[in-house]
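Here is final.cif, consisting of mmCIF, C-alpha atoms and all ligand atoms:
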```
data_model
loop_
_atom_site.group_PDB
_atom_site.id
_atom_site.type_symbol
_atom_site.label_atom_id
_atom_site.label_comp_id
_atom_site.auth_asym_id
_atom_site.auth_seq_id
_atom_site.Cartn_x
_atom_site.Cartn_y
_atom_site.Cartn_z
ATOM 1 C CA MET A 556 137.973 115.569 1.229
ATOM 2 C CA GLN A 557 137.852 118.804 3.212
ATOM 3 C CA LYS A 558 134.992 119.979 1.015
ATOM 4 C CA ILE A 559 132.869 117.018 2.057
ATOM 5 C CA TYR A 560 133.418 117.863 5.730
ATOM 6 C CA ILE A 561 132.423 121.461 5.154
ATOM 7 C CA ILE A 562 129.296 120.434 3.263
ATOM 8 C CA LEU A 563 128.441 117.934 6.008
ATOM 9 C CA LEU A 564 128.965 120.562 8.689
ATOM 10 C CA ILE A 565 126.677 123.007 6.907
ATOM 11 C CA LEU A 566 124.071 120.279 6.479
ATOM 12 C CA ILE A 567 124.169 119.451 10.216
ATOM 13 C CA MET A 568 123.876 123.142 11.088
ATOM 14 C CA VAL A 569 120.879 123.556 8.802
ATOM 15 C CA LEU A 570 119.151 120.418 10.070
ATOM 16 C CA THR A 571 119.641 121.205 13.773
ATOM 17 C CA GLY A 572 120.001 124.440 15.703
ATOM 18 C CA CYS A 573 120.023 126.876 12.867
ATOM 19 C CA THR A 574 116.511 126.088 11.705
ATOM 20 C CA GLN A 575 115.121 126.330 15.229
ATOM 21 C CA GLU A 576 113.556 129.691 15.820
ATOM 22 C CA LYS A 577 115.048 131.401 18.819
ATOM 23 C CA PRO A 578 112.357 132.628 21.203
ATOM 24 C CA SER A 579 112.189 136.397 21.172
ATOM 25 C CA LEU A 580 110.447 139.004 23.259
ATOM 26 C CA ASN A 581 110.438 142.726 22.596
ATOM 27 C CA ILE A 582 109.319 145.408 24.983
ATOM 28 C CA VAL A 583 108.236 148.622 23.291
ATOM 29 C CA ILE A 584 108.305 151.640 25.562
ATOM 30 C CA ASP A 585 106.189 154.656 24.727
ATOM 31 C CA GLY A 586 108.379 157.521 23.615
ATOM 32 C CA LYS A 587 111.446 155.370 22.955
ATOM 33 C CA ALA A 588 112.512 154.694 19.380
ATOM 34 C CA GLU A 589 114.175 151.323 20.001
ATOM 35 C CA PRO A 590 112.353 148.380 21.589
ATOM 36 C CA VAL A 591 114.094 146.426 24.341
ATOM 37 C CA ASP A 592 115.057 143.028 22.938
ATOM 38 C CA VAL A 593 114.842 140.924 26.101
ATOM 39 C CA ASP A 594 117.557 138.301 26.402
ATOM 40 C CA THR A 595 115.388 135.230 26.955
ATOM 41 C CA GLU A 596 118.039 133.720 29.268
ATOM 42 C CA ILE A 597 117.088 136.491 31.716
ATOM 43 C CA ILE A 598 113.615 134.966 31.801
ATOM 44 C CA TYR A 599 114.652 131.300 31.925
ATOM 45 C CA ASN A 600 117.250 131.880 34.651
ATOM 46 C CA HIS A 601 115.472 134.541 36.669
ATOM 47 C CA LYS A 602 116.002 134.178 40.399
ATOM 48 C CA ASP A 603 112.359 135.043 41.050
ATOM 49 C CA ALA A 604 110.918 132.487 38.611
ATOM 50 C CA LEU A 605 108.507 130.185 40.414
ATOM 51 C CA VAL A 606 106.219 127.227 39.923
ATOM 52 C CA PHE A 607 102.522 127.653 40.696
ATOM 53 C CA PRO A 608 99.384 125.582 40.155
ATOM 54 C CA ALA A 609 96.857 126.612 37.494
ATOM 55 C CA VAL A 610 93.740 125.167 35.908
ATOM 56 C CA VAL A 611 93.921 125.235 32.131
ATOM 57 C CA ARG A 612 90.697 125.567 30.167
ATOM 58 C CA SER A 613 91.254 124.821 26.531
ATOM 59 C CA SER A 614 88.367 124.614 24.101
ATOM 60 C CA GLY A 615 87.115 121.103 23.491
ATOM 61 C CA SER A 616 88.671 119.582 26.612
ATOM 62 C CA LYS A 617 87.953 119.312 30.324
ATOM 63 C CA PRO A 618 89.764 121.675 32.709
ATOM 64 C CA VAL A 619 93.229 120.321 33.510
ATOM 65 C CA GLU A 620 95.189 120.962 36.698
ATOM 66 C CA THR A 621 98.748 121.875 35.822
ATOM 67 C CA GLU A 622 101.802 123.639 37.136
ATOM 68 C CA TYR A 623 103.259 126.608 35.323
ATOM 69 C CA LYS A 624 106.686 128.095 35.842
ATOM 70 C CA GLY A 625 107.107 131.778 35.177
ATOM 71 C CA ILE A 626 108.259 135.125 36.349
ATOM 72 C CA GLU A 627 105.900 137.681 37.772
ATOM 73 C CA LEU A 628 105.758 140.481 35.222
ATOM 74 C CA THR A 629 106.460 143.213 37.779
ATOM 75 C CA LYS A 630 109.632 141.350 38.774
ATOM 76 C CA LEU A 631 110.725 141.074 35.148
ATOM 77 C CA PHE A 632 110.151 144.797 34.614
ATOM 78 C CA GLU A 633 112.056 145.547 37.817
ATOM 79 C CA SER A 634 115.088 143.609 36.651
ATOM 80 C CA LEU A 635 114.972 145.490 33.341
ATOM 81 C CA ASN A 636 114.787 148.800 35.235
ATOM 82 C CA ILE A 637 111.318 149.539 33.895
ATOM 83 C CA ASP A 638 109.045 151.375 36.298
ATOM 84 C CA ILE A 639 105.496 150.205 35.550
ATOM 85 C CA THR A 640 103.996 153.046 37.579
ATOM 86 C CA ASN A 641 105.052 155.405 34.754
ATOM 87 C CA TYR A 642 102.521 153.746 32.429
ATOM 88 C CA SER A 643 98.782 153.155 32.450
ATOM 89 C CA LYS A 644 98.211 150.343 29.971
ATOM 90 C CA VAL A 645 100.153 147.365 28.739
ATOM 91 C CA THR A 646 99.440 145.674 25.400
ATOM 92 C CA PHE A 647 100.474 142.082 24.761
ATOM 93 C CA ASN A 648 100.830 140.932 21.174
ATOM 94 C CA ALA A 649 101.124 137.317 20.098
ATOM 95 C CA SER A 650 102.684 135.862 16.982
ATOM 96 C CA ASP A 651 99.238 134.687 15.766
ATOM 97 C CA GLY A 652 97.819 138.224 15.888
ATOM 98 C CA TYR A 653 95.974 137.781 19.196
ATOM 99 C CA ARG A 654 96.193 140.795 21.478
ATOM 100 C CA ILE A 655 95.106 141.734 24.974
ATOM 101 C CA ILE A 656 95.442 144.939 26.964
ATOM 102 C CA LEU A 657 95.855 145.062 30.733
ATOM 103 C CA SER A 658 95.904 148.070 33.004
ATOM 104 C CA ALA A 659 99.124 148.795 34.863
ATOM 105 C CA GLU A 660 97.145 148.403 38.113
ATOM 106 C CA GLU A 661 96.152 144.845 37.285
ATOM 107 C CA ILE A 662 99.770 143.972 36.555
ATOM 108 C CA ALA A 663 100.848 145.565 39.817
ATOM 109 C CA GLU A 664 98.472 143.338 41.843
ATOM 110 C CA PRO A 665 100.703 140.981 43.812
ATOM 111 C CA SER A 666 101.061 137.395 42.528
ATOM 112 C CA ASN A 667 98.698 137.860 39.596
ATOM 113 C CA VAL A 668 100.290 138.307 36.168
ATOM 114 C CA TYR A 669 103.078 135.951 35.133
ATOM 115 C CA LEU A 670 105.090 135.462 31.989
ATOM 116 C CA THR A 671 105.411 131.693 31.895
ATOM 117 C CA PHE A 672 107.857 129.477 30.023
ATOM 118 C CA GLU A 673 107.383 125.998 31.501
ATOM 119 C CA ARG A 674 104.369 123.769 32.074
ATOM 120 C CA ASP A 675 104.574 120.595 34.166
ATOM 121 C CA GLY A 676 108.355 120.745 34.034
ATOM 122 C CA GLU A 677 108.581 121.101 30.278
ATOM 123 C CA ILE A 678 109.654 124.204 28.377
ATOM 124 C CA LEU A 679 106.628 125.620 26.527
ATOM 125 C CA LYS A 680 106.744 124.716 22.866
ATOM 126 C CA SER A 681 106.197 127.297 20.154
ATOM 127 C CA LYS A 682 103.016 127.544 18.117
ATOM 128 C CA LYS A 683 104.826 125.835 15.254
ATOM 129 C CA GLU A 684 105.634 122.895 17.530
ATOM 130 C CA GLY A 685 102.025 122.716 18.711
ATOM 131 C CA GLY A 686 102.460 124.412 22.084
ATOM 132 C CA ASN A 687 101.315 127.561 23.907
ATOM 133 C CA GLY A 688 104.792 129.105 24.014
ATOM 134 C CA PRO A 689 107.529 129.949 23.920
ATOM 135 C CA PHE A 690 105.983 132.433 26.353
ATOM 136 C CA GLN A 691 102.445 132.511 27.702
ATOM 137 C CA LEU A 692 100.912 135.112 29.947
ATOM 138 C CA VAL A 693 99.033 133.579 32.863
ATOM 139 C CA ILE A 694 96.679 135.740 34.921
ATOM 140 C CA ARG A 695 96.133 133.802 38.103
ATOM 141 C CA ARG A 696 93.075 135.770 39.223
ATOM 142 C CA ASP A 697 91.424 135.294 35.849
ATOM 143 C CA PRO A 698 89.774 131.866 35.998
ATOM 144 C CA PHE A 699 88.645 132.028 32.383
ATOM 145 C CA SER A 700 91.709 131.851 30.270
ATOM 146 C CA GLN A 701 90.704 134.134 27.376
ATOM 147 C CA ARG A 702 93.352 136.554 28.509
ATOM 148 C CA TRP A 703 96.026 133.906 28.977
ATOM 149 C CA ILE A 704 97.705 135.029 25.816
ATOM 150 C CA LYS A 705 99.799 132.348 24.160
ATOM 151 C CA HIS A 706 102.894 132.976 21.997
ATOM 152 C CA VAL A 707 103.517 136.464 23.449
ATOM 153 C CA ASN A 708 106.321 138.158 21.528
ATOM 154 C CA GLU A 709 105.732 141.855 22.145
ATOM 155 C CA ILE A 710 104.812 143.927 25.175
ATOM 156 C CA ILE A 711 103.954 147.594 24.681
ATOM 157 C CA LEU A 712 103.993 150.036 27.601
ATOM 158 C CA GLN A 713 101.954 153.215 27.237
HETATM 159 N N1 LIG A 801 97.831 133.830 21.134
HETATM 160 C C1 LIG A 801 96.598 133.449 21.475
HETATM 161 N N2 LIG A 801 96.282 133.344 22.778
HETATM 162 C C2 LIG A 801 95.044 132.978 23.160
HETATM 163 C C3 LIG A 801 94.046 132.699 22.202
HETATM 164 C C4 LIG A 801 94.404 132.801 20.820
HETATM 165 O O1 LIG A 801 93.609 132.574 19.894
HETATM 166 N N3 LIG A 801 95.689 133.178 20.512
HETATM 167 N N4 LIG A 801 92.768 132.354 22.610
HETATM 168 C C5 LIG A 801 92.376 132.686 23.996
HETATM 169 C C6 LIG A 801 91.152 132.011 24.415
HETATM 170 S S1 LIG A 801 89.682 132.645 23.833
HETATM 171 C C7 LIG A 801 91.154 130.958 25.315
HETATM 172 S S2 LIG A 801 89.749 130.303 25.909
HETATM 173 C C8 LIG A 801 92.457 130.395 25.784
HETATM 174 C C9 LIG A 801 92.533 128.913 25.512
HETATM 175 O O2 LIG A 801 92.555 128.760 24.134
HETATM 176 P P1 LIG A 801 92.507 127.332 23.448
HETATM 177 O O3 LIG A 801 91.118 126.830 23.642
HETATM 178 O O4 LIG A 801 92.838 127.593 22.019
HETATM 179 O O5 LIG A 801 93.543 126.495 24.121
HETATM 180 O O6 LIG A 801 93.598 131.013 25.184
HETATM 181 C C10 LIG A 801 93.483 132.393 24.993
HETATM 182 N N5 LIG A 801 94.744 132.887 24.499
HETATM 183 MO MO MO A 802 88.079 131.133 24.451
#
```
So, in terms of structure tokens, how does the structure I just supplied come out?
Amino acid sequence: MQKIYIILLILIMVLTGCTQEKPSLNIVIDGKAEPVDVDTEIIYNHKDALVFPAVVRSSGSKPVETEYKGIELTKLFESLNIDITNYSKVTFNASDGYRIILSAEEIAEPSNVYLTFERDGEILKSKKEGGNGPFQLVIRRDPFSQRWIKHVNEIILQ
């Protein structure tokens, strides 16, 4: 009898949470051997996270007015005790192989570069689930969204 319960429990675990990929974000710092594995709760629960309007341009559809929720990258770095002024360029890698590079100056521009995790009140879905998440970089002063890198999972500071 107990065996059945154990098998059932394992089955439930496999079918639910355990198969769901946990969002992950690594920050690689030039000169440091170990990347910083950012606890994603820091991002989701950040006191400086805010909602802002954005126009999304996706290929094959009309521009859509939406609201993104995210944390300004400089604020995230601050809370991780990373001083962006020590670096000149920042590389963002996505799980699909897409990559963009921003200068530290562009990131330091106030209210410009955000790491977002929610759109129109809904947590960003992963690529596997058909979304732009779990994290998407949004550059508010960049009206063309080529550099709005979806599925960001690694940030490299150099
Ligand atoms: N990870 C990732 N982010 C990406 C892309 C991509 O292929 N992969 N394409 C970029 C481009 S060229 C545009 S125009 C916008 C919108 O892409 P979409 O048309 O596929 O929605 O996302 C940008 N961010
Ligand atoms: Mo594009």
How would you write, as a ChimeraX atom specification, the set of residues no farther than 9 Å from ligand LIG 801 (chain A) when counting all atoms listed in the file? /A:611-616,648-655,682,687-688,691-692,699-707
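Shortest separation to ligand MO 802 (chain A) among A:Leu563, A:Glu709, A:Pro698, A:Glu633 occurs at residue A:Pro698, atoms counted being only C-alpha atoms and all ligand atoms.
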Evaluate the PyMOL selection byres (((chain A and resi 663-678) around 7) and not hetatm) and report residues as a VMD selection string: chain A and resid 621 to 629 659 to 662 679 to 680 688 to 696
Could those residues be written to a file, using C-alpha atoms, as a compact mmCIF listing (two decimals), in the coordinates of the input?
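Below is the file out_16.txt, written as the result:
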```txt
# COMPACT_ATOMS: atom_id res chain seq x y z
CA THR A 621 98.75 121.88 35.82
CA GLU A 622 101.80 123.64 37.14
CA TYR A 623 103.26 126.61 35.32
CA LYS A 624 106.69 128.10 35.84
CA GLY A 625 107.11 131.78 35.18
CA ILE A 626 108.26 135.12 36.35
CA GLU A 627 105.90 137.68 37.77
CA LEU A 628 105.76 140.48 35.22
CA THR A 629 106.46 143.21 37.78
CA ALA A 659 99.12 148.79 34.86
CA GLU A 660 97.14 148.40 38.11
CA GLU A 661 96.15 144.84 37.28
CA ILE A 662 99.77 143.97 36.56
CA LEU A 679 106.63 125.62 26.53
CA LYS A 680 106.74 124.72 22.87
CA GLY A 688 104.79 129.10 24.01
CA PRO A 689 107.53 129.95 23.92
CA PHE A 690 105.98 132.43 26.35
CA GLN A 691 102.44 132.51 27.70
CA LEU A 692 100.91 135.11 29.95
CA VAL A 693 99.03 133.58 32.86
CA ILE A 694 96.68 135.74 34.92
CA ARG A 695 96.13 133.80 38.10
CA ARG A 696 93.08 135.77 39.22
```
Pull out every residue that the PyMOL selection byres (((chain A and resi 581-588) around 8) and not hetatm) matches in the shown coordinates and put them as a PyMOL selection string. chain A and resi 579-580+589-593+708-713
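Going from atom CA of Val645 of chain A to atom CA of Gly686 of chain A covers 24.0 Å.
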List the residues matched by the PyMOL selection byres (((chain A and resi 620) around 6) and not hetatm) in the displayed structure as a VMD selection string, ordered by chain and then by residue number. chain A and resid 609 to 610 619 621
Output file for the residues above (C-alpha atoms, as a PDB file, in the frame of the given file):
```
ATOM      1  CA  ALA A 609      96.857 126.612  37.494  1.00  0.00           C
ATOM      2  CA  VAL A 610      93.740 125.167  35.908  1.00  0.00           C
ATOM      3  CA  VAL A 619      93.229 120.321  33.510  1.00  0.00           C
ATOM      4  CA  THR A 621      98.748 121.875  35.822  1.00  0.00           C
TER       5      THR A 621
END
```
How big is the axis-aligned box, and where does its centre sit, when it encloses all atoms of segment 600-606 of chain A listed in the file and has 5 Å added on every side, reported in Å to one decimal as AutoDock Vina command-line options?
```
--center_x 111.7 --center_y 131.1 --center_z 37.9 --size_x 21.0 --size_y 17.8 --size_z 16.4
```
In Å to one decimal, how far is atom MO of ligand MO 802 (chain A) from atom CA of Thr595 of chain A? 27.7 Å
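Relative to atom CA of Glu596 of chain A, atom CA of Asp697 of chain A is found at 27.5 Å.
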Give me segment 664-688 of chain A from this structure - N, CA, C and O atoms, as a short mmCIF file (atom, residue, chain, number, x, y, z; two decimals), in the first residue's frame.
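What follows is the written file out.cif:
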```
data_model
loop_
_atom_site.label_atom_id
_atom_site.label_comp_id
_atom_site.auth_asym_id
_atom_site.auth_seq_id
_atom_site.Cartn_x
_atom_site.Cartn_y
_atom_site.Cartn_z
N GLU A 664 22.33 55.30 -18.40
CA GLU A 664 21.34 56.36 -18.69
C GLU A 664 20.10 56.11 -17.84
O GLU A 664 19.58 55.01 -17.83
N PRO A 665 19.62 57.15 -17.16
CA PRO A 665 18.48 56.94 -16.27
C PRO A 665 17.23 56.45 -17.01
O PRO A 665 16.95 56.90 -18.12
N SER A 666 16.51 55.56 -16.38
CA SER A 666 15.23 55.03 -16.88
C SER A 666 15.29 54.53 -18.32
O SER A 666 14.41 54.81 -19.11
N ASN A 667 16.32 53.77 -18.65
CA ASN A 667 16.45 53.29 -20.02
C ASN A 667 16.44 51.77 -20.15
O ASN A 667 15.61 51.22 -20.87
N VAL A 668 17.34 51.09 -19.46
CA VAL A 668 17.49 49.65 -19.67
C VAL A 668 16.91 48.86 -18.50
O VAL A 668 17.35 49.01 -17.35
N TYR A 669 15.93 48.04 -18.80
CA TYR A 669 15.22 47.28 -17.77
C TYR A 669 15.26 45.78 -18.05
O TYR A 669 15.12 45.35 -19.19
N LEU A 670 15.42 45.02 -16.98
CA LEU A 670 15.26 43.58 -17.07
C LEU A 670 13.81 43.30 -16.66
O LEU A 670 13.44 43.51 -15.50
N THR A 671 13.01 42.88 -17.62
CA THR A 671 11.58 42.74 -17.32
C THR A 671 11.20 41.28 -17.08
O THR A 671 11.84 40.36 -17.57
N PHE A 672 10.10 41.11 -16.32
CA PHE A 672 9.64 39.75 -16.01
C PHE A 672 8.12 39.62 -16.07
O PHE A 672 7.57 38.54 -15.88
N GLU A 673 7.42 40.73 -16.36
CA GLU A 673 5.97 40.69 -16.42
C GLU A 673 5.50 41.55 -17.57
O GLU A 673 6.09 42.60 -17.84
N ARG A 674 4.47 41.11 -18.29
CA ARG A 674 3.88 41.94 -19.33
C ARG A 674 2.37 41.91 -19.15
O ARG A 674 1.77 40.84 -19.06
N ASP A 675 1.77 43.10 -19.09
CA ASP A 675 0.33 43.24 -18.86
C ASP A 675 -0.14 42.38 -17.68
O ASP A 675 -1.15 41.68 -17.76
N GLY A 676 0.64 42.44 -16.61
CA GLY A 676 0.25 41.76 -15.37
C GLY A 676 0.51 40.27 -15.34
O GLY A 676 0.19 39.61 -14.36
N GLU A 677 1.09 39.74 -16.40
CA GLU A 677 1.36 38.30 -16.42
C GLU A 677 2.86 38.03 -16.48
O GLU A 677 3.57 38.65 -17.27
N ILE A 678 3.30 37.10 -15.66
CA ILE A 678 4.71 36.69 -15.65
C ILE A 678 5.10 36.25 -17.07
O ILE A 678 4.33 35.54 -17.73
N LEU A 679 6.24 36.72 -17.55
CA LEU A 679 6.69 36.35 -18.90
C LEU A 679 6.95 34.85 -18.99
O LEU A 679 7.65 34.28 -18.16
N LYS A 680 6.37 34.25 -19.99
CA LYS A 680 6.56 32.81 -20.19
C LYS A 680 7.91 32.55 -20.86
O LYS A 680 8.46 33.40 -21.54
N SER A 681 8.41 31.35 -20.66
CA SER A 681 9.68 30.97 -21.28
C SER A 681 9.48 30.76 -22.78
O SER A 681 8.36 30.73 -23.28
N LYS A 682 10.59 30.58 -23.47
CA LYS A 682 10.56 30.31 -24.90
C LYS A 682 9.77 29.03 -25.18
O LYS A 682 8.96 28.97 -26.09
N LYS A 683 10.03 28.04 -24.32
CA LYS A 683 9.37 26.74 -24.45
C LYS A 683 7.85 26.88 -24.36
O LYS A 683 7.11 26.17 -25.04
N GLU A 684 7.41 27.82 -23.51
CA GLU A 684 5.97 28.03 -23.32
C GLU A 684 5.41 29.04 -24.32
O GLU A 684 4.26 29.44 -24.22
N GLY A 685 6.25 29.49 -25.24
CA GLY A 685 5.80 30.40 -26.29
C GLY A 685 5.88 31.88 -25.95
O GLY A 685 5.27 32.71 -26.62
N GLY A 686 6.63 32.22 -24.89
CA GLY A 686 6.72 33.62 -24.48
C GLY A 686 8.06 34.25 -24.78
O GLY A 686 8.90 33.67 -25.48
N ASN A 687 8.25 35.48 -24.27
CA ASN A 687 9.49 36.24 -24.47
C ASN A 687 10.42 36.11 -23.27
O ASN A 687 11.46 36.75 -23.23
N GLY A 688 10.01 35.36 -22.26
CA GLY A 688 10.74 35.32 -20.99
C GLY A 688 11.63 34.12 -20.83
O GLY A 688 12.02 33.54 -21.85
#
```
